[in-house]
file upload-v7.cif (mmCIF, C-alpha atoms and all ligand atoms)
data_input
loop_
_atom_site.group_PDB
_atom_site.id
_atom_site.type_symbol
_atom_site.label_atom_id
_atom_site.label_comp_id
_atom_site.auth_asym_id
_atom_site.auth_seq_id
_atom_site.Cartn_x
_atom_site.Cartn_y
_atom_site.Cartn_z
ATOM 1 C CA MET A 1 -3.184 31.255 -2.920
ATOM 2 C CA SER A 2 -1.006 34.192 -3.985
ATOM 3 C CA GLU A 3 -1.330 35.895 -7.355
ATOM 4 C CA GLU A 4 2.097 34.929 -8.595
ATOM 5 C CA ILE A 5 2.387 31.662 -10.490
ATOM 6 C CA GLN A 6 3.299 28.841 -8.165
ATOM 7 C CA HIS A 7 5.698 26.063 -9.000
ATOM 8 C CA THR A 8 5.627 22.674 -7.304
ATOM 9 C CA THR A 9 7.812 19.621 -7.731
ATOM 10 C CA ILE A 10 6.353 16.166 -7.202
ATOM 11 C CA GLY A 11 8.667 13.361 -6.094
ATOM 12 C CA THR A 12 7.957 9.742 -6.943
ATOM 13 C CA ARG A 13 9.594 6.365 -7.270
ATOM 14 C CA GLY A 14 10.183 5.190 -10.800
ATOM 15 C CA SER A 15 8.208 1.935 -10.999
ATOM 16 C CA ASP A 16 5.365 1.725 -13.501
ATOM 17 C CA LEU A 17 2.873 1.795 -10.636
ATOM 18 C CA ALA A 18 4.541 4.742 -8.913
ATOM 19 C CA LEU A 19 4.504 6.738 -12.154
ATOM 20 C CA VAL A 20 0.790 6.047 -12.712
ATOM 21 C CA GLN A 21 0.096 7.169 -9.144
ATOM 22 C CA SER A 22 2.188 10.298 -9.576
ATOM 23 C CA ALA A 23 0.304 11.101 -12.786
ATOM 24 C CA ALA A 24 -2.996 10.792 -10.881
ATOM 25 C CA VAL A 25 -1.776 13.310 -8.305
ATOM 26 C CA GLU A 26 -0.533 15.678 -11.011
ATOM 27 C CA ARG A 27 -3.870 15.435 -12.836
ATOM 28 C CA ALA A 28 -5.832 16.187 -9.660
ATOM 29 C CA LEU A 29 -3.614 19.197 -8.917
ATOM 30 C CA SER A 30 -3.850 20.519 -12.467
ATOM 31 C CA LEU A 31 -7.641 20.302 -12.388
ATOM 32 C CA ALA A 32 -7.801 22.094 -9.038
ATOM 33 C CA PHE A 33 -5.146 24.666 -9.963
ATOM 34 C CA PRO A 34 -4.980 25.224 -13.746
ATOM 35 C CA GLU A 35 -2.264 27.857 -13.305
ATOM 36 C CA LEU A 36 0.010 25.688 -11.211
ATOM 37 C CA ARG A 37 3.353 24.784 -12.793
ATOM 38 C CA LEU A 38 4.227 21.198 -11.972
ATOM 39 C CA SER A 39 7.389 19.199 -12.405
ATOM 40 C CA ARG A 40 8.129 15.616 -11.546
ATOM 41 C CA ARG A 41 11.319 14.200 -10.108
ATOM 42 C CA VAL A 42 11.872 10.433 -10.104
ATOM 43 C CA ILE A 43 13.817 9.141 -7.119
ATOM 44 C CA ARG A 44 15.294 5.685 -6.622
ATOM 45 C CA THR A 45 14.771 4.301 -3.127
ATOM 46 C CA THR A 46 16.549 1.659 -1.087
ATOM 47 C CA GLY A 47 13.663 -0.733 -1.735
ATOM 48 C CA ASP A 48 14.123 -0.307 -5.487
ATOM 49 C CA ARG A 49 17.874 -0.914 -5.236
ATOM 50 C CA ARG A 50 17.955 -3.868 -2.823
ATOM 51 C CA THR A 51 16.208 -6.663 -4.686
ATOM 52 C CA ASP A 52 18.861 -9.189 -3.590
ATOM 53 C CA VAL A 53 17.351 -9.967 -0.185
ATOM 54 C CA ALA A 54 13.798 -10.626 1.022
ATOM 55 C CA LEU A 55 11.728 -7.488 1.501
ATOM 56 C CA ALA A 56 11.363 -8.124 5.227
ATOM 57 C CA GLN A 57 15.185 -8.242 5.496
ATOM 58 C CA VAL A 58 16.034 -5.129 3.469
ATOM 59 C CA ALA A 59 15.737 -2.681 6.361
ATOM 60 C CA LYS A 60 18.018 -4.809 8.531
ATOM 61 C CA ALA A 61 20.510 -5.314 5.695
ATOM 62 C CA GLU A 62 20.617 -1.518 5.281
ATOM 63 C CA GLY A 63 20.970 -0.861 9.010
ATOM 64 C CA THR A 64 17.768 1.163 9.097
ATOM 65 C CA ASP A 65 14.551 0.402 10.925
ATOM 66 C CA LYS A 66 12.011 1.653 8.414
ATOM 67 C CA GLY A 67 11.029 3.460 5.302
ATOM 68 C CA ILE A 68 12.868 1.511 2.631
ATOM 69 C CA PHE A 69 10.521 2.899 -0.031
ATOM 70 C CA THR A 70 10.318 6.375 1.494
ATOM 71 C CA LYS A 71 13.661 7.471 2.958
ATOM 72 C CA GLU A 72 15.147 8.969 -0.206
ATOM 73 C CA LEU A 73 11.911 10.813 -0.954
ATOM 74 C CA GLU A 74 12.013 12.362 2.509
ATOM 75 C CA GLU A 75 15.630 13.392 1.990
ATOM 76 C CA ALA A 76 14.592 15.125 -1.234
ATOM 77 C CA LEU A 77 11.708 16.847 0.590
ATOM 78 C CA LYS A 78 14.067 18.026 3.290
ATOM 79 C CA ALA A 79 16.574 19.325 0.748
ATOM 80 C CA GLY A 80 13.808 21.248 -1.019
ATOM 81 C CA GLU A 81 14.313 19.256 -4.217
ATOM 82 C CA ILE A 82 10.674 18.184 -4.140
ATOM 83 C CA ASP A 83 7.613 19.637 -2.404
ATOM 84 C CA ILE A 84 5.176 16.724 -2.403
ATOM 85 C CA ALA A 85 6.242 13.075 -2.153
ATOM 86 C CA VAL A 86 3.790 10.573 -3.644
ATOM 87 C CA HIS A 87 3.699 7.189 -1.926
ATOM 88 C CA SER A 88 1.716 3.990 -1.826
ATOM 89 C CA LEU A 89 0.523 4.713 1.677
ATOM 90 C CA LYS A 90 0.908 1.143 2.855
ATOM 91 C CA ASP A 91 4.672 1.418 2.257
ATOM 92 C CA VAL A 92 4.948 4.490 4.510
ATOM 93 C CA PRO A 93 6.062 3.893 8.121
ATOM 94 C CA THR A 94 3.396 4.728 10.716
ATOM 95 C CA VAL A 95 5.784 7.030 12.558
ATOM 96 C CA LEU A 96 7.447 9.715 10.455
ATOM 97 C CA ASP A 97 10.562 11.647 11.335
ATOM 98 C CA ASP A 98 10.053 15.146 12.701
ATOM 99 C CA GLY A 99 9.492 17.635 9.976
ATOM 100 C CA PHE A 100 7.292 15.492 7.731
ATOM 101 C CA GLU A 101 3.596 14.797 7.532
ATOM 102 C CA ILE A 102 1.112 12.898 5.414
ATOM 103 C CA ALA A 103 -1.066 15.873 4.530
ATOM 104 C CA GLY A 104 -3.597 13.967 2.484
ATOM 105 C CA VAL A 105 -4.589 10.991 0.392
ATOM 106 C CA LEU A 106 -6.385 10.643 -2.910
ATOM 107 C CA THR A 107 -9.659 8.748 -3.156
ATOM 108 C CA ARG A 108 -8.878 5.167 -2.423
ATOM 109 C CA ALA A 109 -8.791 2.399 -5.012
ATOM 110 C CA PRO A 110 -10.198 -1.056 -4.173
ATOM 111 C CA ILE A 111 -8.468 -2.429 -1.076
ATOM 112 C CA ARG A 112 -8.627 -6.164 -1.752
ATOM 113 C CA ASP A 113 -5.793 -8.573 -2.341
ATOM 114 C CA VAL A 114 -5.998 -10.619 -5.511
ATOM 115 C CA LEU A 115 -4.907 -14.155 -6.230
ATOM 116 C CA VAL A 116 -3.337 -14.343 -9.671
ATOM 117 C CA THR A 117 -3.190 -17.803 -11.238
ATOM 118 C CA LYS A 118 -2.848 -19.571 -14.547
ATOM 119 C CA THR A 119 -5.509 -22.009 -13.341
ATOM 120 C CA LEU A 120 -9.205 -21.247 -12.946
ATOM 121 C CA GLY A 121 -11.161 -21.631 -9.712
ATOM 122 C CA GLY A 122 -9.462 -19.090 -7.471
ATOM 123 C CA LEU A 123 -8.099 -20.039 -4.057
ATOM 124 C CA GLU A 124 -10.314 -23.124 -3.670
ATOM 125 C CA GLY A 125 -9.177 -24.319 -7.072
ATOM 126 C CA LEU A 126 -5.462 -24.238 -6.220
ATOM 127 C CA PRO A 127 -4.236 -27.826 -5.724
ATOM 128 C CA ALA A 128 -2.457 -28.772 -2.492
ATOM 129 C CA GLY A 129 1.265 -28.100 -2.704
ATOM 130 C CA SER A 130 0.877 -25.139 -5.083
ATOM 131 C CA VAL A 131 3.588 -22.517 -4.684
ATOM 132 C CA VAL A 132 2.358 -18.986 -3.945
ATOM 133 C CA GLY A 133 4.753 -16.052 -4.284
ATOM 134 C CA THR A 134 4.559 -12.996 -2.034
ATOM 135 C CA SER A 135 6.984 -10.816 -0.094
ATOM 136 C CA SER A 136 4.387 -9.708 2.425
ATOM 137 C CA VAL A 137 4.456 -11.361 5.858
ATOM 138 C CA ARG A 138 0.801 -10.450 6.305
ATOM 139 C CA ARG A 139 -0.185 -12.255 3.114
ATOM 140 C CA ALA A 140 2.033 -15.230 3.925
ATOM 141 C CA LYS A 141 0.695 -15.764 7.469
ATOM 142 C CA GLN A 142 -2.882 -15.218 6.383
ATOM 143 C CA LEU A 143 -2.612 -17.640 3.497
ATOM 144 C CA GLU A 144 -0.834 -20.264 5.606
ATOM 145 C CA TRP A 145 -3.695 -20.018 8.074
ATOM 146 C CA LEU A 146 -6.412 -20.370 5.424
ATOM 147 C CA ARG A 147 -4.609 -22.946 3.284
ATOM 148 C CA PRO A 148 -1.900 -24.747 5.266
ATOM 149 C CA ASP A 149 -1.503 -27.163 2.363
ATOM 150 C CA LEU A 150 -0.035 -24.493 0.063
ATOM 151 C CA ARG A 151 3.616 -23.447 -0.010
ATOM 152 C CA VAL A 152 4.423 -19.743 0.335
ATOM 153 C CA VAL A 153 7.678 -18.502 -1.167
ATOM 154 C CA ASP A 154 9.265 -15.058 -1.010
ATOM 155 C CA LEU A 155 8.983 -13.250 -4.315
ATOM 156 C CA ARG A 156 10.363 -9.757 -4.835
ATOM 157 C CA GLY A 157 10.043 -7.235 -7.595
ATOM 158 C CA ASN A 158 7.543 -4.742 -8.880
ATOM 159 C CA VAL A 159 4.158 -5.835 -10.212
ATOM 160 C CA PRO A 160 5.108 -6.517 -13.870
ATOM 161 C CA THR A 161 8.219 -8.431 -12.737
ATOM 162 C CA ARG A 162 6.121 -10.659 -10.517
ATOM 163 C CA LEU A 163 3.528 -11.285 -13.219
ATOM 164 C CA LYS A 164 6.353 -12.363 -15.523
ATOM 165 C CA LYS A 165 7.634 -14.775 -12.865
ATOM 166 C CA LEU A 166 4.187 -16.364 -12.698
ATOM 167 C CA ALA A 167 4.017 -16.521 -16.486
ATOM 168 C CA ASP A 168 7.447 -18.211 -16.420
ATOM 169 C CA SER A 169 6.139 -20.725 -13.809
ATOM 170 C CA VAL A 170 8.537 -19.632 -11.061
ATOM 171 C CA CYS A 171 5.424 -20.125 -8.900
ATOM 172 C CA ASP A 172 1.811 -21.249 -9.338
ATOM 173 C CA ALA A 173 0.122 -18.153 -7.957
ATOM 174 C CA LEU A 174 0.744 -14.624 -6.713
ATOM 175 C CA LEU A 175 -0.933 -12.416 -4.158
ATOM 176 C CA LEU A 176 -1.030 -8.785 -5.246
ATOM 177 C CA ALA A 177 -3.051 -5.696 -4.384
ATOM 178 C CA GLU A 178 -6.059 -5.049 -6.601
ATOM 179 C CA ALA A 179 -5.222 -1.331 -6.466
ATOM 180 C CA GLY A 180 -1.863 -1.807 -8.131
ATOM 181 C CA LEU A 181 -3.197 -4.189 -10.768
ATOM 182 C CA VAL A 182 -6.107 -1.903 -11.661
ATOM 183 C CA ARG A 183 -3.852 1.155 -11.853
ATOM 184 C CA LEU A 184 -1.624 -0.748 -14.258
ATOM 185 C CA GLY A 185 -4.632 -1.445 -16.464
ATOM 186 C CA TYR A 186 -5.614 -5.004 -15.530
ATOM 187 C CA ARG A 187 -9.299 -5.827 -15.139
ATOM 188 C CA MET A 188 -10.350 -8.334 -12.501
ATOM 189 C CA SER A 189 -13.121 -9.675 -14.715
ATOM 190 C CA LYS A 190 -10.854 -10.312 -17.670
ATOM 191 C CA PRO A 191 -7.892 -12.698 -17.989
ATOM 192 C CA ALA A 192 -4.683 -11.010 -19.135
ATOM 193 C CA ILE A 193 -2.136 -12.423 -21.513
ATOM 194 C CA VAL A 194 1.288 -11.780 -19.993
ATOM 195 C CA PHE A 195 4.397 -13.060 -21.767
ATOM 196 C CA GLY A 196 2.324 -15.634 -23.601
ATOM 197 C CA SER A 197 0.487 -16.969 -20.523
ATOM 198 C CA THR A 198 -3.147 -16.368 -19.643
ATOM 199 C CA LEU A 199 -3.400 -15.081 -16.081
ATOM 200 C CA ASN A 200 -6.645 -15.048 -14.083
ATOM 201 C CA PHE A 201 -7.457 -12.590 -11.314
ATOM 202 C CA THR A 202 -9.515 -13.584 -8.273
ATOM 203 C CA PRO A 203 -10.093 -10.746 -5.788
ATOM 204 C CA LEU A 204 -10.281 -12.021 -2.211
ATOM 205 C CA LYS A 205 -13.033 -10.381 -0.163
ATOM 206 C CA GLU A 206 -11.645 -8.016 2.455
ATOM 207 C CA ASP A 207 -13.651 -9.692 5.233
ATOM 208 C CA SER A 208 -12.069 -13.062 4.516
ATOM 209 C CA PHE A 209 -8.552 -12.032 3.454
ATOM 210 C CA TYR A 210 -7.698 -8.855 5.333
ATOM 211 C CA PRO A 211 -5.812 -6.049 3.515
ATOM 212 C CA ALA A 212 -2.845 -4.044 4.821
ATOM 213 C CA ALA A 213 -3.348 -0.739 6.606
ATOM 214 C CA GLY A 214 -3.479 1.949 3.954
ATOM 215 C CA GLN A 215 -3.732 -0.498 1.060
ATOM 216 C CA GLY A 216 -4.984 1.121 -2.131
ATOM 217 C CA ALA A 217 -4.413 4.668 -0.902
ATOM 218 C CA ILE A 218 -1.992 7.166 -2.443
ATOM 219 C CA GLY A 219 -0.383 9.211 0.337
ATOM 220 C CA LEU A 220 0.951 12.725 -0.076
ATOM 221 C CA GLU A 221 3.818 13.694 2.188
ATOM 222 C CA ILE A 222 5.047 17.250 2.662
ATOM 223 C CA ARG A 223 7.432 19.224 4.870
ATOM 224 C CA LYS A 224 5.588 20.043 8.077
ATOM 225 C CA GLY A 225 4.768 23.740 8.029
ATOM 226 C CA ASP A 226 4.941 24.126 4.252
ATOM 227 C CA ALA A 227 1.715 26.112 3.933
ATOM 228 C CA ALA A 228 1.790 26.235 0.132
ATOM 229 C CA ALA A 229 2.121 22.467 -0.227
ATOM 230 C CA ALA A 230 -0.455 21.919 2.525
ATOM 231 C CA ALA A 231 -2.950 24.092 0.626
ATOM 232 C CA LEU A 232 -2.370 22.157 -2.597
ATOM 233 C CA VAL A 233 -2.725 18.764 -0.935
ATOM 234 C CA GLY A 234 -5.665 19.912 1.195
ATOM 235 C CA SER A 235 -7.632 20.809 -1.907
ATOM 236 C CA ILE A 236 -7.299 17.358 -3.514
ATOM 237 C CA ARG A 237 -7.580 15.343 -0.315
ATOM 238 C CA ASP A 238 -10.359 12.773 0.017
ATOM 239 C CA ALA A 239 -11.808 13.208 3.517
ATOM 240 C CA ASP A 240 -13.401 9.746 3.786
ATOM 241 C CA THR A 241 -10.253 7.928 2.697
ATOM 242 C CA PHE A 242 -8.193 10.118 5.020
ATOM 243 C CA ALA A 243 -10.390 9.225 8.019
ATOM 244 C CA ARG A 244 -10.154 5.512 7.228
ATOM 245 C CA VAL A 245 -6.399 5.383 6.714
ATOM 246 C CA ARG A 246 -5.761 7.462 9.827
ATOM 247 C CA ALA A 247 -7.615 4.814 11.842
ATOM 248 C CA GLU A 248 -5.802 1.940 10.103
ATOM 249 C CA ARG A 249 -2.343 3.490 10.498
ATOM 250 C CA GLU A 250 -2.965 4.466 14.110
ATOM 251 C CA PHE A 251 -3.985 0.886 14.893
ATOM 252 C CA LEU A 252 -0.800 -0.406 13.257
ATOM 253 C CA ARG A 253 1.272 2.172 15.157
ATOM 254 C CA LEU A 254 -0.276 1.094 18.470
ATOM 255 C CA LEU A 255 0.697 -2.492 17.676
ATOM 256 C CA GLU A 256 4.191 -1.078 17.077
ATOM 257 C CA GLY A 257 4.191 -2.787 13.763
ATOM 258 C CA GLY A 258 6.108 -1.743 10.740
ATOM 259 C CA CYS A 259 5.293 -2.510 7.133
ATOM 260 C CA SER A 260 6.062 -6.188 7.681
ATOM 261 C CA THR A 261 3.849 -6.836 10.712
ATOM 262 C CA PRO A 262 1.279 -9.526 9.951
ATOM 263 C CA VAL A 263 -1.784 -7.362 10.569
ATOM 264 C CA GLY A 264 -4.830 -7.273 8.338
ATOM 265 C CA VAL A 265 -7.355 -4.509 8.723
ATOM 266 C CA TYR A 266 -10.305 -3.087 6.925
ATOM 267 C CA THR A 267 -12.515 -0.097 7.488
ATOM 268 C CA THR A 268 -15.792 1.208 6.210
ATOM 269 C CA TYR A 269 -16.999 4.761 6.625
ATOM 270 C CA ASP A 270 -20.437 6.125 5.940
ATOM 271 C CA GLY A 271 -19.553 9.745 6.535
ATOM 272 C CA GLY A 272 -20.414 9.502 10.231
ATOM 273 C CA THR A 273 -19.445 6.135 11.629
ATOM 274 C CA LEU A 274 -16.116 4.517 10.977
ATOM 275 C CA LYS A 275 -15.978 0.772 11.486
ATOM 276 C CA MET A 276 -12.724 -1.140 11.642
ATOM 277 C CA ASP A 277 -12.127 -4.904 11.663
ATOM 278 C CA ALA A 278 -8.712 -6.411 12.252
ATOM 279 C CA ARG A 279 -6.838 -9.660 12.363
ATOM 280 C CA VAL A 280 -3.450 -9.870 13.996
ATOM 281 C CA PHE A 281 -1.455 -12.953 13.023
ATOM 282 C CA PRO A 282 1.030 -14.520 15.419
ATOM 283 C CA ASP A 283 4.604 -14.619 14.118
ATOM 284 C CA GLN A 284 4.703 -18.378 14.537
ATOM 285 C CA GLY A 285 1.550 -18.704 12.422
ATOM 286 C CA GLY A 286 -1.893 -20.059 13.207
ATOM 287 C CA GLU A 287 -5.131 -18.519 14.388
ATOM 288 C CA PRO A 288 -5.221 -14.689 14.360
ATOM 289 C CA LYS A 289 -6.608 -12.433 17.077
ATOM 290 C CA LYS A 290 -9.813 -10.874 15.774
ATOM 291 C CA GLY A 291 -11.449 -7.613 16.759
ATOM 292 C CA SER A 292 -13.753 -4.862 15.651
ATOM 293 C CA ALA A 293 -14.586 -1.335 16.801
ATOM 294 C CA SER A 294 -16.582 1.629 15.561
ATOM 295 C CA GLY A 295 -17.149 5.286 16.313
ATOM 296 C CA SER A 296 -16.849 8.758 14.875
ATOM 297 C CA ASP A 297 -13.230 9.570 15.755
ATOM 298 C CA PRO A 298 -10.671 7.548 13.736
ATOM 299 C CA LEU A 299 -7.958 7.664 16.387
ATOM 300 C CA ALA A 300 -10.374 6.653 19.142
ATOM 301 C CA VAL A 301 -11.639 3.732 17.054
ATOM 302 C CA ALA A 302 -8.046 2.584 16.582
ATOM 303 C CA ALA A 303 -7.345 2.844 20.308
ATOM 304 C CA GLU A 304 -10.527 0.964 21.215
ATOM 305 C CA LEU A 305 -9.709 -1.841 18.798
ATOM 306 C CA PHE A 306 -6.152 -2.022 20.081
ATOM 307 C CA HIS A 307 -7.250 -2.259 23.714
ATOM 308 C CA SER A 308 -9.895 -4.862 22.915
ATOM 309 C CA LEU A 309 -7.140 -7.112 21.533
ATOM 310 C CA ALA A 310 -4.600 -6.502 24.290
HETATM 311 N N1 LIG B 1 4.765 -3.106 -1.335
HETATM 312 C C1 LIG B 1 4.499 -3.060 -2.722
HETATM 313 C C2 LIG B 1 3.253 -2.335 -3.046
HETATM 314 N N2 LIG B 1 2.962 -1.152 -2.481
HETATM 315 C C3 LIG B 1 1.733 -0.752 -2.959
HETATM 316 C C4 LIG B 1 1.278 -1.710 -3.840
HETATM 317 C C5 LIG B 1 -0.004 -1.686 -4.565
HETATM 318 C C6 LIG B 1 -0.866 -0.474 -4.366
HETATM 319 C C7 LIG B 1 -1.473 -0.372 -3.021
HETATM 320 O O1 LIG B 1 -1.722 -1.384 -2.339
HETATM 321 O O2 LIG B 1 -1.743 0.767 -2.592
HETATM 322 C C8 LIG B 1 2.243 -2.714 -3.913
HETATM 323 C C9 LIG B 1 2.206 -3.936 -4.727
HETATM 324 C C10 LIG B 1 1.310 -4.976 -4.137
HETATM 325 O O3 LIG B 1 1.169 -5.053 -2.919
HETATM 326 O O4 LIG B 1 0.736 -5.762 -4.899
#

call {"tool": "encode", "arguments": {"input": "upload-v7.cif", "output": "structure tokens", "more": "lines below"}}
Ligand SMILES: NCc1[nH]cc(CCC(=O)O)c1CC(=O)O
result
Amino acid sequence: MSEEIQHTTIGTRGSDLALVQSAAVERALSLAFPELRLSRRVIRTTGDRRTDVALAQVAKAEGTDKGIFTKELEEALKAGEIDIAVHSLKDVPTVLDDGFEIAGVLTRAPIRDVLVTKTLGGLEGLPAGSVVGTSSVRRAKQLEWLRPDLRVVDLRGNVPTRLKKLADSVCDALLLAEAGLVRLGYRMSKPAIVFGSTLNFTPLKEDSFYPAAGQGAIGLEIRKGDAAAAALVGSIRDADTFARVRAEREFLRLLEGGCSTPVGVYTTYDGGTLKMDARVFPDQGGEPKKGSASGSDPLAVAAELFHSLA
């Protein structure tokens, strides 16, 4: 890097979770580059604004085909108002517009989904007819397949908003990402008292309830060709996480799915071999297609898995 003091602006959404994630990126950059001057710019996205319709309908309601949590951040990147956009990677479309790239990811948090309930006993303990809130088609289809006797309802809002809805008995259970809960300070082993209600967390194993592509990963998007930003991101990038999420996102891209496609996927990586397992749920519900592939090249593993399911 050059001798002169560098200044970089980080762009983030304004939710509690987004701000925690942005702080993690800023901390990693400050440790790697003590001289770096950092600022943060909070940007409101379409997904933050449109809470009136179901998440899966927001893009259509806005006349766009993707990126409801990312579009405004990309506009700010393009305008030079920010240099690095911080995203929950699973909210980032698999195909980016020209001029942008995901240059890196931080070390991944746990990838599991978590059932949050007032009752004890996890998923097995939920009585028939219980109402489970989620806005994810993947979670809905997967749950309906595992527990057809439960009722899935669409529930929007950021993590604290949803926890409050459960506390207020708007539903009997929630499905949320462990990554988000942990980053907001919840511990899976410890019930939390939220608005006067005791909430229990039951992580669902990733080989029985399959996570979203990129779940738990913080993605760092820059302007393609911005060498300064690429150098910053490159120095805090986690290579193992990056290999895994490249495979997961490539698989999703090959399926031509967007953020709402009911696809569950999980990868493991031992530094040499990347293994990916997937379940693709039919839109009409029911039994998923199952597949698995492994190899050393993330994109080739994704292609192999895709072709094995075709
Ligand atoms: N679409 C919302 C969203 N985007 C990222 C996370 C959590 C963090 C992550 O999975 O990386 C969440 C909330 C949730 O799914 O519970």

call {"tool": "residues_near_ligand", "arguments": {"input": "upload-v7.cif", "ligand": "ligand LIG 1 (chain B)", "cutoff": "7 Å", "atoms": "only C-alpha atoms and all ligand atoms", "output": "list in words"}}
result
Ser88, Leu89, Lys90, Asp91, Ile111, Asn158, Val159, Leu175, Leu176, Ala177, Ala179, Gly180, Gly214, Gln215, Gly216, Ala217 and Ile218 of chain A

call {"tool": "closest_residue", "arguments": {"input": "upload-v7.cif", "among": "A:Val114, A:Val152, A:Leu199, A:Leu232", "to": "Ala128 in chain A", "atoms": "only C-alpha atoms"}}
result
A:Val152

call {"tool": "closest_residue", "arguments": {"input": "upload-v7.cif", "among": "A:Arg156, A:Arg151, A:Arg13, A:Lys118", "to": "Ser136 in chain A", "atoms": "all atoms listed in the file"}}
result
A:Arg156

call {"tool": "axis_aligned_box", "arguments": {"input": "upload-v7.cif", "around": "range 177-192 of chain A", "padding_each_side": "6 Å", "output": "JSON"}}
result
{"center_x": -7.4, "center_y": -5.8, "center_z": -11.8, "size_x": 23.5, "size_y": 25.9, "size_z": 26.8}

call {"tool": "atom_distance", "arguments": {"input": "upload-v7.cif", "atom1": "CA of Ser235 in chain A", "atom2": "CA of Phe33 in chain A"}}
result
9.3 Å

call {"tool": "atom_distance", "arguments": {"input": "upload-v7.cif", "atom1": "CA of Val42 in chain A", "atom2": "CA of Ala239 in chain A"}}
result
27.5 Å
